[in-house]
Amino acid sequence: MDDDLATIQQVLGGDVNRFRELVERHQGIVFGLVANLIADRHERDDIAQETFWAAYLGLRSYDAQKAKFSTWLLTIARNRCINVLRRRQPTTLERLPAEADHTDPAESLLREESAARFDRFLDALPRDQRSVFVLSEIQGVSYQEIAQIEDVPVGTVKSRISRAKEKLRSLLSQTAEEIG
Amino acid sequence: MNRNEEYELWKAERARTPIPADFADRVMAGIHATRRRTWRLLLQRLATACLRSRVLQAGVCVGFVAAWAFRLGGLMTVFLPTAMGY
């Protein structure tokens, strides 16, 4: 965080090229969120880029006392994703490329099916639960930070995650019944 | 593999998002382009503001008239010594 502040000061002081350090430091979390909310790869790249451009243009308004730089970035990214999602019909998330798999083809197929099932669960979540679920379960962001990103109380974050997990449990038990 | 393991595997897979190799380059190119646009926009606004101002419009006219008079004066000096010689 101190590194971020020092870099931000340098960028604001006129050394614009130092902004690249901020991009390289935080592109992972921004892409992590955007890729789990937006299906289209090109749109996802655009949103991630626009997030950093917006951060650069609004850098003077960033208040380190209020939130970590990563939290602020995720807030921008999340808002952009929500705006895009509001404008159109939900689409199915693209499967992310899996790691090279050297296991038994049958097991690999089962794993693919299972991942597709979890993807469908994520697709089916309402917007408010989905972004909170992605931030907490996949990105590992703390409840406090999620509350800042979503601009809701921590209690609301917890209840949204709990409702999402409830749906996940019900989906899994449903699938188990179907298989059984 | 049990359900929890499958779930953990899926989360790990979802967390591993591929980032385009030239992503930082593209962001920086966009920022530099924005800076250039901002400067151009500022200059355009300054020029527009100048042209809207009556005082500045009058100043520009006076400048043109002065330049024209100076040029005319220069032309006249070509004839003046000749005229004085006769």
# chains A, B, ... in the order shown; residues from 1 in each chain; ligands from 1
>>> closest_atom_pairs(of="chain B", to="chain A", cutoff="8 Å", atoms="only C-alpha atoms", output="tab-separated table")
residue	atom	partner	partner_atom	distance
B:Glu6	CA	A:Ser114	CA	6.8
B:Tyr7	CA	A:Phe118	CA	7.6
B:Trp10	CA	A:Ala115	CA	5.6
B:Lys11	CA	A:Ile138	CA	5.5
B:Ala12	CA	A:Ile138	CA	7.2
B:Glu13	CA	A:Ala98	CA	6.5
B:Arg14	CA	A:Leu96	CA	6.7
B:Ala15	CA	A:Ile138	CA	5.6
B:Arg16	CA	A:Gly32	CA	7.2
B:Thr17	CA	A:Gly32	CA	5.6
B:Pro18	CA	A:Phe31	CA	8.0
B:Ile19	CA	A:Phe31	CA	6.9
B:Phe23	CA	A:Gln49	CA	7.8
B:Ala24	CA	A:Val23	CA	6.1
B:Asp25	CA	A:Arg20	CA	8.0
B:Arg26	CA	A:Gln49	CA	7.7
B:Val27	CA	A:Gln49	CA	5.8
B:Met28	CA	A:Arg20	CA	6.6
B:Gly30	CA	A:Trp53	CA	7.3
B:Ile31	CA	A:Trp53	CA	6.4
>>> residues_around(residues="A:Gln65", least_positions_apart="4", cutoff="12 Å", atoms="only C-alpha atoms", output="VMD selection string")
chain A and resid 1 to 2 5 61 69 71 to 72
>>> write_last_selection(atoms="N, CA and C atoms", output="PDB file, in the first residue's frame")
ATOM      1  N   MET A   1       0.833  -1.203   0.000  1.00  0.00           N
ATOM      2  CA  MET A   1       0.000   0.000   0.000  1.00  0.00           C
ATOM      3  C   MET A   1       0.872   1.259   0.000  1.00  0.00           C
ATOM      4  N   ASP A   2       1.973   1.221   0.810  1.00  0.00           N
ATOM      5  CA  ASP A   2       2.887   2.359   0.830  1.00  0.00           C
ATOM      6  C   ASP A   2       3.546   2.535  -0.526  1.00  0.00           C
ATOM      7  N   LEU A   5       1.163   4.328  -2.701  1.00  0.00           N
ATOM      8  CA  LEU A   5       1.092   5.761  -2.390  1.00  0.00           C
ATOM      9  C   LEU A   5       2.276   6.513  -2.967  1.00  0.00           C
ATOM     10  N   SER A  61      -8.392  12.443  -7.055  1.00  0.00           N
ATOM     11  CA  SER A  61      -9.528  12.288  -6.137  1.00  0.00           C
ATOM     12  C   SER A  61      -9.386  11.052  -5.243  1.00  0.00           C
ATOM     13  N   PHE A  69      -5.690   1.344  -2.537  1.00  0.00           N
ATOM     14  CA  PHE A  69      -5.755   1.646  -3.977  1.00  0.00           C
ATOM     15  C   PHE A  69      -6.431   0.504  -4.730  1.00  0.00           C
ATOM     16  N   THR A  71      -8.714  -1.496  -3.616  1.00  0.00           N
ATOM     17  CA  THR A  71     -10.163  -1.434  -3.355  1.00  0.00           C
ATOM     18  C   THR A  71     -10.810  -0.384  -4.246  1.00  0.00           C
ATOM     19  N   TRP A  72     -10.118   0.753  -4.369  1.00  0.00           N
ATOM     20  CA  TRP A  72     -10.627   1.851  -5.207  1.00  0.00           C
ATOM     21  C   TRP A  72     -10.719   1.397  -6.670  1.00  0.00           C
TER      22      TRP A  72
END
>>> atom_distance(atom1="atom CA of A:Ser70", atom2="atom CA of A:Glu145")
9.4 Å
>>> residues_around(residues="A:Gln148", least_positions_apart="4", cutoff="10 Å", atoms="only C-alpha atoms", output="PDB file with C-alpha atoms, in the first residue's frame")
ATOM      1  CA  LYS A  66     -10.708   5.953   2.856  1.00  0.00           C
ATOM      2  CA  ALA A  67      -9.608   2.842   0.958  1.00  0.00           C
ATOM      3  CA  LYS A  68      -6.669   0.872  -0.359  1.00  0.00           C
ATOM      4  CA  THR A  71     -10.163  -1.434  -3.355  1.00  0.00           C
ATOM      5  CA  TRP A  72     -10.627   1.851  -5.207  1.00  0.00           C
ATOM      6  CA  LEU A  74     -12.038  -2.718  -7.887  1.00  0.00           C
ATOM      7  CA  THR A  75     -14.821  -0.222  -7.177  1.00  0.00           C
ATOM      8  CA  TYR A 143     -15.775  -8.408   3.738  1.00  0.00           C
ATOM      9  CA  GLN A 144     -14.767  -4.892   4.834  1.00  0.00           C
ATOM     10  CA  VAL A 152     -23.196  -1.399   1.364  1.00  0.00           C
ATOM     11  CA  PRO A 153     -22.851  -2.369   5.044  1.00  0.00           C
ATOM     12  CA  VAL A 154     -20.721  -5.416   5.928  1.00  0.00           C
ATOM     13  CA  VAL A 157     -22.198  -8.380   2.118  1.00  0.00           C
TER      14      VAL A 157
END
>>> select_by_dssp(residues="chain A", states="alpha helix (DSSP H)", output="PyMOL selection string")
chain A and resi 2-12+19-35+41-57+69-87+105-124+127-133+143-150+154-179
>>> atom_distance(atom1="atom CA of A:Ser136", atom2="atom CA of A:Arg120")
18.2 Å
>>> atom_distance(atom1="atom CA of A:Lys167", atom2="atom CA of A:Phe121")
8.0 Å
